[in-house]
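Working notes, beginning with the structure itself.
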Amino acid sequence: MGELLVINRDGCHNFEEGADSYGVKQFRVYKINDSSYEEVKDLGNRALFLGFSATLAVEPPPGCQGNRIYFTDDCREAYFCMERGGGKDMGVYNLLDGTIVPHYTGQSYHKLTPPLWV
């Protein structure tokens, strides 16, 4: 779409044994201008897909909505530090109201391979 966006993923990381508390709390999106940046609060009819394998800004495909960030778990530390491995931090972030809902309700824990967008 001709814009360079930077996405900041804010969350917590607690990898103590038995603790299952890592994950995103909110996202902030910034548009880079020539010598400055500005926060983007509305993506219009665009969706962002973020993950370990790729980051894409697109018109939402069928079943997806605009102004959303669809994200997979990209916290590599969790894959090695947690007994079950990583893969739990996945969801859909609504940029307009800051809510997060799951996009996959199964379990995707793995020691080596993060969930990927294909």
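Each chain in the structure tokens gets a letter, A, B and so on, in the order shown; residues start at 1 in every chain, and ligands are counted from 1 in the order they appear.
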Who sits within 6 Å of segment 52-69 of chain A, only C-alpha atoms, same chain under 6 positions skipped, as a PyMOL selection string: chain A and resi 43-46+92-95+116
Mind checking which residues fall within 9 Å of Leu50 of chain A, counting only C-alpha atoms, ignoring those fewer than 6 positions away in the same chain, and posting them as a PyMOL selection string? chain A and resi 7+56-57+69-74+117
Go ahead and write the residues just picked, C-alpha atoms, as an mmCIF file, in the first residue's frame.
```
data_model
loop_
_atom_site.group_PDB
_atom_site.id
_atom_site.type_symbol
_atom_site.label_atom_id
_atom_site.label_comp_id
_atom_site.auth_asym_id
_atom_site.auth_seq_id
_atom_site.Cartn_x
_atom_site.Cartn_y
_atom_site.Cartn_z
ATOM 1 C CA ILE A 7 4.517 -2.805 14.837
ATOM 2 C CA LEU A 56 1.803 -8.888 5.817
ATOM 3 C CA ALA A 57 -0.585 -5.944 5.452
ATOM 4 C CA ILE A 69 -3.863 -7.826 13.776
ATOM 5 C CA TYR A 70 -3.789 -11.605 13.349
ATOM 6 C CA PHE A 71 -0.759 -12.892 15.210
ATOM 7 C CA THR A 72 1.045 -16.131 15.906
ATOM 8 C CA ASP A 73 3.504 -16.870 18.686
ATOM 9 C CA ASP A 74 6.932 -15.461 17.858
ATOM 10 C CA TRP A 117 1.427 -18.238 8.345
#
```
Considering only C-alpha atoms, state which residue in the set A:Asp10, A:Ser36, A:Leu4, A:Leu48 is at the smallest distance from Val24 of chain A.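 Ranked by minimum distance to Val24 of chain A, first place goes to A:Asp10.
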Pick the closest to Asp89 of chain A from A:Val40, A:Pro102, A:Gly51, A:Gly23: which is it, counting only C-alpha atoms?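 Ranked by minimum distance to Asp89 of chain A, first place goes to A:Gly23.
For the set A:Gly2, A:Arg9, A:Ala47, A:Gly91, the residue with the smallest atom-to-atom gap to Lys31 of chain A is A:Gly2, counting only C-alpha atoms.
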For atom CA of Val6 of chain A and atom CA of His103 of chain A, determine how far apart the two atoms are, in Å to one decimal place.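 Computing the Euclidean distance for atom CA of Val6 of chain A and atom CA of His103 of chain A yields 22.6 Å.
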For the atom pair atom CA of Phe49 of chain A and atom CA of Asp34 of chain A, what is the interatomic distance in Å to one decimal place?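 Those two atoms sit 24.7 Å apart.
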